[in-house]
>>> print(open('structure-v3.cif').read())   # mmCIF, C-alpha atoms
data_query
loop_
_atom_site.label_atom_id
_atom_site.label_comp_id
_atom_site.auth_asym_id
_atom_site.auth_seq_id
_atom_site.Cartn_x
_atom_site.Cartn_y
_atom_site.Cartn_z
CA MET A 1 0.00 0.00 0.00
CA TRP A 2 2.79 2.41 0.90
CA LYS A 3 5.11 1.15 -1.87
CA TRP A 4 4.91 4.42 -3.82
CA LEU A 5 6.46 6.23 -0.84
CA HIS A 6 9.54 4.03 -0.71
CA PRO A 7 11.71 5.87 -3.26
CA TYR A 8 11.42 9.07 -1.14
CA ALA A 9 13.13 7.33 1.78
CA ASN A 10 16.29 7.76 -0.27
CA PRO A 11 17.90 11.12 0.62
CA GLU A 12 19.03 11.79 -2.93
CA VAL A 13 15.54 11.25 -4.41
CA SER A 14 14.02 13.37 -1.65
CA TYR A 15 16.56 16.14 -2.21
CA HIS A 16 15.81 16.38 -5.91
CA PHE A 17 12.05 16.04 -5.43
CA THR A 18 11.91 18.90 -2.88
CA GLY A 19 14.17 20.92 -5.19
CA LYS A 20 11.54 20.58 -7.92
CA ILE A 21 8.54 21.60 -5.80
CA LEU A 22 10.34 24.37 -3.90
CA PRO A 23 9.94 27.15 -6.55
CA TRP A 24 6.22 26.37 -6.84
CA LEU A 25 5.73 26.50 -3.09
CA GLY A 26 7.62 29.79 -2.90
CA ALA A 27 5.67 31.36 -5.77
CA LEU A 28 2.30 30.27 -4.39
CA ALA A 29 3.22 31.48 -0.91
CA THR A 30 4.14 34.92 -2.29
CA LEU A 31 0.93 35.06 -4.30
CA PHE A 32 -1.42 34.05 -1.48
CA LEU A 33 0.36 36.11 1.17
CA SER A 34 0.42 39.30 -0.89
CA ILE A 35 -3.27 38.99 -1.81
CA GLY A 36 -4.22 37.99 1.74
CA ILE A 37 -2.21 40.63 3.60
CA ILE A 38 -3.22 43.52 1.33
CA TRP A 39 -6.85 42.45 1.44
CA ALA A 40 -6.76 42.03 5.22
CA LEU A 41 -4.93 45.25 6.04
CA ALA A 42 -6.44 47.60 3.49
CA PHE A 43 -9.81 46.33 2.31
CA ALA A 44 -11.38 44.10 4.95
CA PRO A 45 -13.86 46.00 7.13
CA ALA A 46 -12.77 47.04 10.63
CA ASP A 47 -14.48 45.41 13.59
CA TYR A 48 -17.36 47.36 15.17
CA GLN A 49 -15.85 47.24 18.65
CA GLN A 50 -12.12 46.84 18.15
CA GLY A 51 -11.70 48.97 15.04
CA ASP A 52 -8.48 48.45 13.14
CA SER A 53 -6.74 46.65 16.02
CA PHE A 54 -8.78 43.64 14.98
CA ARG A 55 -6.59 43.25 11.86
CA ILE A 56 -3.83 41.65 13.94
CA PHE A 57 -6.18 38.65 13.87
CA TYR A 58 -4.99 37.97 10.31
CA VAL A 59 -1.45 37.29 11.52
CA HIS A 60 -2.12 36.06 15.04
CA VAL A 61 -4.56 33.26 14.21
CA PRO A 62 -2.61 31.72 11.28
CA ALA A 63 0.61 31.88 13.33
CA ALA A 64 -1.02 30.24 16.35
CA SER A 65 -2.71 27.45 14.44
CA LEU A 66 0.41 26.79 12.33
CA SER A 67 2.52 26.64 15.49
CA MET A 68 0.33 23.72 16.53
CA GLY A 69 0.20 22.25 13.03
CA ILE A 70 3.99 22.22 12.71
CA TYR A 71 4.25 20.53 16.09
CA PHE A 72 1.82 17.87 14.92
CA GLY A 73 3.92 17.33 11.79
CA MET A 74 7.03 17.05 13.93
CA ALA A 75 5.29 14.48 16.14
CA ILE A 76 4.35 12.39 13.11
CA ALA A 77 7.97 12.54 11.94
CA ALA A 78 9.21 11.54 15.41
CA PHE A 79 6.74 8.66 15.50
CA THR A 80 7.73 7.27 12.08
CA SER A 81 11.39 7.67 12.96
CA MET A 82 10.89 5.74 16.17
CA VAL A 83 8.86 2.87 14.78
CA TRP A 84 10.34 2.50 11.29
CA GLN A 85 13.78 3.94 12.15
CA PHE A 86 13.65 6.04 9.08
CA LYS A 87 16.51 8.56 9.10
CA LEU A 88 14.96 11.19 6.85
CA ALA A 89 12.11 11.57 9.34
CA ASP A 90 14.61 12.85 11.92
CA ALA A 91 16.01 15.27 9.36
CA SER A 92 12.52 16.61 8.67
CA ALA A 93 11.74 16.96 12.39
CA ALA A 94 15.00 18.90 12.85
CA ALA A 95 13.98 21.10 9.90
CA MET A 96 10.55 21.82 11.38
CA ALA A 97 11.46 22.64 14.99
CA PRO A 98 12.91 26.17 14.58
CA VAL A 99 10.13 27.19 12.15
CA GLY A 100 7.55 26.07 14.68
CA ALA A 101 9.34 27.91 17.47
CA ILE A 102 9.33 31.14 15.44
CA PHE A 103 5.62 30.82 14.66
CA THR A 104 4.86 30.17 18.33
CA ALA A 105 6.84 33.28 19.22
CA ILE A 106 4.95 35.28 16.56
CA ALA A 107 1.63 34.06 17.98
CA LEU A 108 2.69 35.05 21.52
CA ILE A 109 4.06 38.47 20.52
CA THR A 110 1.14 39.44 18.26
CA GLY A 111 -1.19 38.18 20.98
CA ALA A 112 0.47 40.42 23.56
CA ALA A 113 0.33 43.39 21.20
CA TRP A 114 -3.38 42.73 20.65
CA GLY A 115 -4.10 42.04 24.32
CA LYS A 116 -2.71 45.34 25.59
CA PRO A 117 -5.16 47.65 23.78
CA MET A 118 -8.16 45.28 23.90
CA TRP A 119 -8.02 43.41 27.20
CA GLY A 120 -5.87 45.94 29.01
CA THR A 121 -2.90 43.65 29.66
CA TRP A 122 0.06 42.25 27.74
CA TRP A 123 -0.03 38.93 29.51
CA ILE A 124 -2.22 36.93 31.83
CA TRP A 125 -1.61 33.41 33.13
CA ASP A 126 -4.76 31.92 31.71
CA ALA A 127 -4.92 28.40 30.31
CA ARG A 128 -4.65 29.37 26.63
CA LEU A 129 -1.67 31.72 26.99
CA THR A 130 0.19 29.47 29.40
CA SER A 131 -0.21 26.33 27.29
CA GLU A 132 0.99 28.22 24.18
CA LEU A 133 4.04 29.40 26.17
CA ILE A 134 4.70 25.76 27.14
CA LEU A 135 4.57 24.91 23.42
CA LEU A 136 7.38 27.44 22.86
CA PHE A 137 9.46 25.80 25.60
CA LEU A 138 8.81 22.36 24.08
CA TYR A 139 10.09 23.64 20.74
CA LEU A 140 13.18 25.12 22.39
CA GLY A 141 13.82 21.80 24.16
CA VAL A 142 13.48 19.87 20.89
CA ILE A 143 15.86 22.26 19.12
CA ALA A 144 18.36 21.96 21.98
CA LEU A 145 18.22 18.15 21.90
CA HIS A 146 18.70 18.03 18.14
CA ASN A 147 21.91 20.01 18.64
CA ALA A 148 23.08 18.41 21.88
CA PHE A 149 24.54 15.22 20.40
CA GLU A 150 27.31 14.69 17.90
CA ASP A 151 25.50 11.53 16.73
CA LYS A 152 22.47 12.67 14.73
CA ASN A 153 20.59 9.39 15.22
CA LEU A 154 20.90 9.66 18.97
CA ALA A 155 19.88 13.34 18.84
CA GLY A 156 16.86 12.45 16.72
CA LYS A 157 15.83 9.77 19.20
CA ALA A 158 16.12 12.07 22.23
CA ALA A 159 14.30 14.94 20.52
CA GLY A 160 11.68 12.49 19.26
CA ILE A 161 10.84 11.31 22.77
CA LEU A 162 10.39 14.90 23.96
CA THR A 163 8.29 15.69 20.88
CA LEU A 164 5.97 12.75 21.51
CA VAL A 165 5.62 13.54 25.21
CA GLY A 166 4.79 17.15 24.35
CA VAL A 167 2.10 16.21 21.86
CA ILE A 168 -0.31 16.00 24.81
CA ASN A 169 -0.09 19.82 24.95
CA LEU A 170 -1.82 20.21 21.56
CA PRO A 171 -5.37 19.24 22.62
CA ILE A 172 -4.82 21.26 25.81
CA ILE A 173 -4.07 24.40 23.77
CA LYS A 174 -6.94 23.75 21.40
CA TYR A 175 -9.61 23.12 24.03
CA SER A 176 -8.25 25.32 26.85
CA VAL A 177 -10.82 28.01 26.04
CA GLU A 178 -13.65 25.51 26.32
CA TRP A 179 -12.52 23.46 29.32
CA TRP A 180 -11.64 26.36 31.59
CA ASN A 181 -12.47 29.98 32.28
CA THR A 182 -10.00 32.07 30.35
CA LEU A 183 -9.54 35.70 29.37
CA HIS A 184 -8.81 34.54 25.83
CA GLN A 185 -11.93 34.29 23.68
CA GLY A 186 -13.12 31.08 22.03
CA SER A 187 -12.33 29.95 18.51
CA THR A 188 -13.69 32.07 15.68
CA VAL A 189 -12.81 30.08 12.61
CA SER A 190 -11.98 26.50 13.55
CA LYS A 191 -15.28 25.34 14.88
CA LEU A 192 -17.96 23.20 13.40
CA GLY A 193 -20.70 25.04 11.61
CA LYS A 194 -20.63 28.73 10.92
CA PRO A 195 -17.52 30.80 11.70
CA SER A 196 -18.19 33.78 13.96
CA MET A 197 -17.24 36.49 11.53
CA SER A 198 -18.85 38.10 8.53
CA ILE A 199 -17.95 36.69 5.13
CA ASP A 200 -16.02 39.79 3.94
CA MET A 201 -13.75 39.40 6.98
CA LEU A 202 -13.39 35.65 6.49
CA TRP A 203 -12.12 35.59 2.88
CA PRO A 204 -8.94 37.60 3.52
CA PHE A 205 -8.33 35.27 6.46
CA VAL A 206 -8.57 32.22 4.19
CA PHE A 207 -5.93 33.74 1.88
CA CYS A 208 -3.67 34.74 4.78
CA PHE A 209 -3.95 31.30 6.32
CA ILE A 210 -3.13 29.43 3.09
CA GLY A 211 -0.34 31.96 2.41
CA PHE A 212 1.29 31.45 5.81
CA ALA A 213 0.89 27.68 5.50
CA LEU A 214 2.68 27.74 2.14
CA LEU A 215 5.37 30.00 3.60
CA VAL A 216 5.91 27.45 6.37
CA ALA A 217 6.09 24.66 3.79
CA THR A 218 8.64 26.65 1.76
CA ILE A 219 10.91 27.38 4.71
CA ILE A 220 10.70 23.79 5.98
CA CYS A 221 11.51 22.53 2.48
CA ILE A 222 14.64 24.71 2.30
CA ARG A 223 15.74 23.64 5.78
CA PHE A 224 15.00 19.98 5.05
CA ARG A 225 17.23 20.10 1.96
CA SER A 226 20.11 21.59 3.89
CA GLU A 227 19.61 18.99 6.65
CA ILE A 228 19.84 16.24 4.00
CA LEU A 229 23.08 17.73 2.67
CA THR A 230 24.76 18.09 6.08
CA ARG A 231 23.70 14.62 7.19
CA ASN A 232 24.92 13.00 3.95
CA SER A 233 27.98 15.15 3.37
CA ILE A 234 30.29 12.14 2.91
CA ARG A 235 28.09 10.46 0.29
CA PRO A 236 29.39 10.57 -3.26
CA TRP A 237 26.23 12.15 -4.67
CA VAL A 238 26.55 15.12 -2.33
CA ARG A 239 30.25 15.47 -3.20
CA THR A 240 29.47 15.47 -6.94
CA LEU A 241 26.71 18.02 -6.35
CA VAL A 242 29.04 20.31 -4.42
CA SER A 243 31.91 20.05 -6.89
CA GLU A 244 29.54 20.74 -9.82
CA HIS A 245 28.21 23.76 -7.99
CA LEU A 246 31.73 24.96 -7.19
CA SER A 247 33.02 24.60 -10.74
CA LYS A 248 29.99 26.50 -12.05
CA HIS A 249 30.68 29.21 -9.52
CA ILE A 250 34.35 29.45 -10.44
CA ALA A 251 33.53 29.63 -14.15
CA GLN A 252 31.17 32.50 -13.43
CA GLU A 253 33.81 34.33 -11.40
CA LYS A 254 36.21 34.00 -14.30
CA ASN A 255 33.62 35.36 -16.72
CA ASN A 256 33.00 38.29 -14.43
CA ALA A 257 36.74 38.99 -14.19
CA ILE A 258 37.06 39.09 -17.96
CA MET B 1 5.01 -5.36 9.61
CA ASN B 2 8.08 -7.15 10.88
CA PRO B 3 8.15 -8.18 14.56
CA ARG B 4 10.78 -5.61 15.60
CA ARG B 5 8.77 -2.74 14.19
CA LYS B 6 5.63 -4.15 15.75
CA LYS B 7 7.37 -4.25 19.12
CA ARG B 8 8.57 -0.65 18.80
CA LEU B 9 5.10 0.44 17.72
CA THR B 10 3.58 -1.19 20.80
CA ILE B 11 6.15 0.47 23.08
CA VAL B 12 5.69 3.94 21.59
CA ALA B 13 1.91 3.62 21.54
CA SER B 14 1.72 2.44 25.14
CA ILE B 15 4.01 5.27 26.30
CA LEU B 16 1.78 7.77 24.51
CA ILE B 17 -1.38 6.30 26.05
CA GLY B 18 0.27 6.30 29.49
CA ILE B 19 1.24 9.96 29.19
CA SER B 20 -2.24 10.95 28.02
CA VAL B 21 -3.81 9.21 30.99
CA VAL B 22 -1.37 10.89 33.41
CA ALA B 23 -1.92 14.31 31.84
CA GLY B 24 -5.67 13.79 31.87
CA LEU B 25 -5.69 12.91 35.56
CA VAL B 26 -3.42 15.81 36.50
CA LEU B 27 -5.56 18.29 34.58
CA TYR B 28 -8.71 16.83 36.07
CA ALA B 29 -7.27 17.18 39.59
CA LEU B 30 -6.14 20.73 38.90
CA SER B 31 -9.16 21.77 36.88
CA GLN B 32 -10.40 24.28 39.43
CA ASN B 33 -7.02 25.90 39.83
CA ILE B 34 -6.65 26.30 36.09
CA ASP B 35 -9.81 28.41 35.87
CA LEU B 36 -8.76 32.03 35.58
CA PHE B 37 -11.65 33.46 37.54
CA TYR B 38 -14.70 32.78 39.68
CA THR B 39 -18.11 33.48 38.19
CA PRO B 40 -20.61 35.42 40.33
CA SER B 41 -22.62 32.25 41.03
CA GLU B 42 -19.45 30.43 42.13
CA ILE B 43 -18.75 33.21 44.63
CA THR B 44 -22.23 33.09 46.13
CA GLN B 45 -22.94 29.36 45.85
CA GLY B 46 -19.49 27.76 45.59
CA LYS B 47 -17.86 25.80 42.77
CA LYS B 48 -20.14 23.34 41.02
CA ASP B 49 -18.39 20.07 41.86
CA SER B 50 -16.51 20.88 45.09
CA GLY B 51 -18.62 23.64 46.61
CA VAL B 52 -15.46 25.62 47.44
CA LYS B 53 -16.21 29.29 48.08
CA PRO B 54 -13.65 32.09 48.26
CA SER B 55 -13.39 33.63 51.73
CA ILE B 56 -13.73 37.27 52.72
CA GLY B 57 -10.50 39.19 52.19
CA GLN B 58 -9.19 36.66 49.67
CA ARG B 59 -7.71 38.08 46.48
CA ILE B 60 -9.62 36.58 43.57
CA ARG B 61 -10.49 37.23 39.97
CA ILE B 62 -14.13 37.49 39.02
CA GLY B 63 -15.42 37.14 35.48
CA GLY B 64 -18.88 37.97 34.21
CA LEU B 65 -21.03 40.15 32.03
CA VAL B 66 -21.63 43.76 33.00
CA VAL B 67 -25.34 44.03 33.81
CA PRO B 68 -27.04 46.76 31.74
CA ASN B 69 -27.88 49.96 33.66
CA SER B 70 -25.76 48.86 36.61
CA VAL B 71 -22.72 51.04 35.85
CA LYS B 72 -22.52 53.92 38.34
CA ARG B 73 -19.81 56.49 37.76
CA ASP B 74 -18.84 59.30 40.10
CA PRO B 75 -18.94 62.55 38.08
CA ASP B 76 -16.01 64.03 40.04
CA ASN B 77 -13.48 61.21 39.98
CA LEU B 78 -12.70 57.84 38.45
CA LYS B 79 -14.64 55.78 40.97
CA VAL B 80 -16.99 53.37 39.28
CA SER B 81 -19.12 50.42 40.31
CA PHE B 82 -20.98 47.88 38.23
CA ARG B 83 -22.70 44.56 38.70
CA LEU B 84 -21.56 41.31 37.07
CA SER B 85 -23.69 38.31 36.26
CA ASP B 86 -22.71 34.88 34.88
CA MET B 87 -21.66 34.58 31.26
CA LYS B 88 -24.10 32.34 29.51
CA MET B 89 -25.59 31.89 26.11
CA PRO B 90 -27.96 33.33 25.07
CA ILE B 91 -27.36 36.54 27.01
CA ILE B 92 -30.41 37.21 29.16
CA PHE B 93 -30.21 39.28 32.34
CA ASP B 94 -32.56 38.21 35.08
CA VAL B 95 -32.85 39.98 38.45
CA SER B 96 -32.89 36.64 40.24
CA ASP B 97 -29.47 35.63 38.82
CA PRO B 98 -26.57 35.77 41.29
CA MET B 99 -24.78 39.08 40.83
CA ILE B 100 -21.74 40.64 42.44
CA THR B 101 -20.97 44.34 42.51
CA VAL B 102 -17.45 45.41 41.61
CA TYR B 103 -15.94 48.68 42.90
CA TYR B 104 -13.01 50.14 41.02
CA GLU B 105 -11.14 53.41 40.71
CA GLY B 106 -9.32 54.07 37.48
CA ILE B 107 -9.64 54.14 33.71
CA LEU B 108 -11.62 51.21 32.35
CA PRO B 109 -10.43 49.37 29.22
CA ASP B 110 -11.75 50.68 25.89
CA LEU B 111 -13.91 47.62 25.39
CA PHE B 112 -15.70 48.11 28.71
CA ARG B 113 -19.43 48.47 28.12
CA GLU B 114 -22.71 47.13 29.39
CA GLY B 115 -23.30 43.54 28.33
CA GLN B 116 -19.56 43.02 27.75
CA GLY B 117 -17.48 40.32 29.42
CA ILE B 118 -15.14 41.61 32.13
CA VAL B 119 -12.48 40.03 34.32
CA ALA B 120 -11.68 41.98 37.51
CA ASN B 121 -8.87 41.30 39.94
CA GLY B 122 -9.45 42.32 43.54
CA SER B 123 -10.36 41.26 47.03
CA LEU B 124 -13.67 39.88 48.18
CA ALA B 125 -15.30 42.02 50.85
CA ARG B 126 -18.63 42.53 52.57
CA GLY B 127 -20.55 45.73 51.95
CA PRO B 128 -22.47 47.73 54.62
CA ALA B 129 -25.60 45.60 54.11
CA GLY B 130 -23.62 42.37 54.37
CA GLU B 131 -23.67 41.70 50.63
CA LEU B 132 -20.57 40.33 48.90
CA ARG B 133 -18.59 42.69 46.73
CA ILE B 134 -15.25 42.93 44.96
CA GLU B 135 -12.87 45.82 45.51
CA ALA B 136 -10.96 45.63 42.27
CA SER B 137 -7.45 46.83 41.54
CA GLU B 138 -7.53 45.83 37.88
CA VAL B 139 -10.30 45.48 35.32
CA LEU B 140 -9.71 43.66 32.03
CA ALA B 141 -12.08 43.39 29.08
CA LYS B 142 -12.89 39.94 27.78
CA HIS B 143 -14.20 40.25 24.25
CA ASP B 144 -15.94 37.40 22.50
CA GLU B 145 -14.97 35.59 19.31
CA ASN B 146 -17.52 37.38 17.12
CA TYR B 147 -16.22 40.00 14.74
CA MET B 148 -18.36 42.08 12.41
CA PRO B 149 -18.19 45.35 10.50
CA ALA B 150 -19.88 48.40 12.02
CA GLU B 151 -22.73 48.37 9.45
CA LEU B 152 -23.75 44.86 10.49
CA ALA B 153 -23.51 45.75 14.17
CA ASP B 154 -25.68 48.83 13.60
CA ALA B 155 -28.21 46.75 11.70
CA ALA B 156 -28.30 44.30 14.61
CA GLY B 157 -28.94 47.24 16.96
CA LYS B 158 -25.77 46.74 18.97
CA ASP B 159 -24.62 49.49 21.29
CA TYR B 160 -20.87 49.91 21.26
CA LYS B 161 -20.09 53.44 22.39
CA LYS B 162 -16.87 53.93 24.34
CA LEU B 163 -16.98 55.50 27.79
CA GLU B 164 -16.22 59.23 27.83
CA TYR B 165 -14.25 60.87 30.62
CA SER B 166 -14.65 64.53 31.65
CA ASP B 167 -11.57 66.64 32.40
CA LYS B 168 -12.65 66.81 36.03
CA GLN B 169 -12.66 63.03 36.29
CA LEU B 170 -9.26 62.74 34.65
CA ASP B 171 -7.77 65.51 36.82
CA SER B 172 -8.84 63.74 40.00
CA LYS B 173 -6.22 61.11 39.26
CA ASN B 174 -3.36 63.52 39.92
#
>>> encode(input="structure-v3.cif", output="structure tokens")
Amino acid sequence: MWKWLHPYANPEVSYHFTGKILPWLGALATLFLSIGIIWALAFAPADYQQGDSFRIFYVHVPAASLSMGIYFGMAIAAFTSMVWQFKLADASAAAMAPVGAIFTAIALITGAAWGKPMWGTWWIWDARLTSELILLFLYLGVIALHNAFEDKNLAGKAAGILTLVGVINLPIIKYSVEWWNTLHQGSTVSKLGKPSMSIDMLWPFVFCFIGFALLVATIICIRFRSEILTRNSIRPWVRTLVSEHLSKHIAQEKNNAI
Amino acid sequence: MNPRRKKRLTIVASILIGISVVAGLVLYALSQNIDLFYTPSEITQGKKDSGVKPSIGQRIRIGGLVVPNSVKRDPDNLKVSFRLSDMKMPIIFDVSDPMITVYYEGILPDLFREGQGIVANGSLARGPAGELRIEASEVLAKHDENYMPAELADAAGKDYKKLEYSDKQLDSKN
């Protein structure tokens, strides 16, 4: 059933495949993000109570949900690496961790900037904010573990265990606003049935969300490729790749000199 | 699946299940401490499952909806009092609902208005008539997850004026 996936377990095949889809991902991300951000900041209507401050929603919500989405992806990678001992899965988890950490930080910072004018405080230790902060610490721990060992397999294993233990935080973040009393409001978009915003506010959000998701995919793709190269640096195919690249570069330098 | 993979899968899966059970139990045990605030009915009648009530003089947070026509502002200074009732859907204010009056001195957040969710931080006290009240040192606005343009809000007959402050009120702060 999974036979079609097998060629991608080979680092060289994976490297060239991601190289092919990377420009498309980048182009689509630019397209969706520019439409989404311009629409959201300039044309979407302001909220009746919050005015223009509401527009931070268009960055805050995609960043927060992607911070959880990336963690989920990392957990799947850790799981496959643990059960099937599949080395590329560790490389992809290592590629995802810093991107997830940055998006968690963006969610926390934009949230604080939104909280100050609307709630009246930068920070409050309610269940939603605290669990998102724990997610940031989990990411930092995973990044630290990936870099703590000389042996990448060992590092991947240690980081994988932390990743899987931390996955329990995801449902806590998601449902914190329903299980407990919080200052943070409930979900607007990601609930069953009708989203709690008018349709002319929702469309720019859809574009922003897809745009940020594609941006995440692009950055992870770039990082994944460089992880593959560093982890396989002694393989002949990487050596050929590097020497080809170098000779091209030198030829260009010569041309420039002339 | 070969037996070694199967074994690893069982180990990883059982660790995950174990952790979820532990986390679930811990959160269940702590559930009341994770709540950010007491609701007015929890202050008067105690928490639903444990019956724990905050005691007089205890610093607590209270969260509720500002009851319409309950906001009393002193024209000379920033003293303000308002009543809170439980947040529930749909929003209906009934005189028989448990309500707690909050006393506060200072500028209220921009989103403060009647019918809006509020979280106040202060100490529980008894008023002259023996009724429970909160003397708040901080008032935060808790907005809901509904966003709409002003035209829609006007059409729905929503009132969303900000509070105005006179110079006299603002000067009293200094």
>>> interface_residues(input="structure-v3.cif", of="chain A", to="chain B", cutoff="10 Å", atoms="all atoms listed in the file", output="ChimeraX atom specification")
/A:44-51,54,79-80,82-85,115-121,124-127,161,164-169,172,176-177,179-189,195-202
>>> resolve_selection(input="structure-v3.cif", expression="the PyMOL selection byres ((chain A and resi 133-141) around 8)", output="PyMOL selection string")
chain A and resi 97-98+100-101+104-105+108+129-132+142-145+159+162-163+166+169
>>> axis_aligned_box(input="structure-v3.cif", around="region 23-26 of chain A", padding_each_side="8 Å", output="lines of an AutoDock Vina configuration file")
center_x = 7.8
center_y = 28.1
center_z = -4.9
size_x = 20.2
size_y = 19.4
size_z = 19.9
>>> resolve_selection(input="structure-v3.cif", expression="the PyMOL selection byres ((chain A and resi 37) around 12)", output="ChimeraX atom specification")
/A:29-36,38-44,55-59,62,203-212
>>> residues_around(input="structure-v3.cif", residues="Leu5 (chain A)", least_positions_apart="5", cutoff="12 Å", atoms="all atoms listed in the file", output="PyMOL selection string")
chain A and resi 10+13-14
>>> decode(input="structure-v3.cif", residues="region 58-73 of chain A", atoms="N, CA and C atoms", output="mmCIF file, in the first residue's frame")
data_model
loop_
_atom_site.group_PDB
_atom_site.id
_atom_site.type_symbol
_atom_site.label_atom_id
_atom_site.label_comp_id
_atom_site.auth_asym_id
_atom_site.auth_seq_id
_atom_site.Cartn_x
_atom_site.Cartn_y
_atom_site.Cartn_z
ATOM 1 N N TYR A 58 -5.403 38.616 11.560
ATOM 2 C CA TYR A 58 -4.995 37.968 10.308
ATOM 3 C C TYR A 58 -3.562 37.437 10.358
ATOM 4 N N VAL A 59 -2.781 37.857 11.332
ATOM 5 C CA VAL A 59 -1.447 37.289 11.521
ATOM 6 C C VAL A 59 -1.451 36.342 12.721
ATOM 7 N N HIS A 60 -2.142 36.798 13.778
ATOM 8 C CA HIS A 60 -2.118 36.059 15.037
ATOM 9 C C HIS A 60 -2.714 34.652 14.885
ATOM 10 N N VAL A 61 -3.871 34.558 14.278
ATOM 11 C CA VAL A 61 -4.557 33.260 14.207
ATOM 12 C C VAL A 61 -3.818 32.265 13.296
ATOM 13 N N PRO A 62 -3.403 32.675 12.065
ATOM 14 C CA PRO A 62 -2.610 31.720 11.276
ATOM 15 C C PRO A 62 -1.334 31.298 12.005
ATOM 16 N N ALA A 63 -0.636 32.239 12.646
ATOM 17 C CA ALA A 63 0.615 31.883 13.333
ATOM 18 C C ALA A 63 0.339 30.885 14.443
ATOM 19 N N ALA A 64 -0.719 31.127 15.225
ATOM 20 C CA ALA A 64 -1.016 30.239 16.349
ATOM 21 C C ALA A 64 -1.422 28.857 15.853
ATOM 22 N N SER A 65 -2.287 28.803 14.816
ATOM 23 C CA SER A 65 -2.708 27.453 14.437
ATOM 24 C C SER A 65 -1.585 26.727 13.711
ATOM 25 N N LEU A 66 -0.725 27.471 12.970
ATOM 26 C CA LEU A 66 0.406 26.789 12.332
ATOM 27 C C LEU A 66 1.426 26.331 13.371
ATOM 28 N N SER A 67 1.572 27.080 14.469
ATOM 29 C CA SER A 67 2.522 26.643 15.495
ATOM 30 C C SER A 67 2.115 25.271 16.021
ATOM 31 N N MET A 68 0.798 25.031 16.102
ATOM 32 C CA MET A 68 0.330 23.717 16.531
ATOM 33 C C MET A 68 0.429 22.702 15.398
ATOM 34 N N GLY A 69 0.130 23.146 14.188
ATOM 35 C CA GLY A 69 0.198 22.248 13.030
ATOM 36 C C GLY A 69 1.603 21.733 12.799
ATOM 37 N N ILE A 70 2.599 22.633 12.914
ATOM 38 C CA ILE A 70 3.987 22.223 12.707
ATOM 39 C C ILE A 70 4.382 21.220 13.785
ATOM 40 N N TYR A 71 3.922 21.468 15.018
ATOM 41 C CA TYR A 71 4.254 20.525 16.086
ATOM 42 C C TYR A 71 3.675 19.154 15.782
ATOM 43 N N PHE A 72 2.451 19.139 15.255
ATOM 44 C CA PHE A 72 1.821 17.868 14.922
ATOM 45 C C PHE A 72 2.633 17.152 13.839
ATOM 46 N N GLY A 73 3.088 17.913 12.844
ATOM 47 C CA GLY A 73 3.916 17.329 11.789
ATOM 48 C C GLY A 73 5.200 16.747 12.366
#
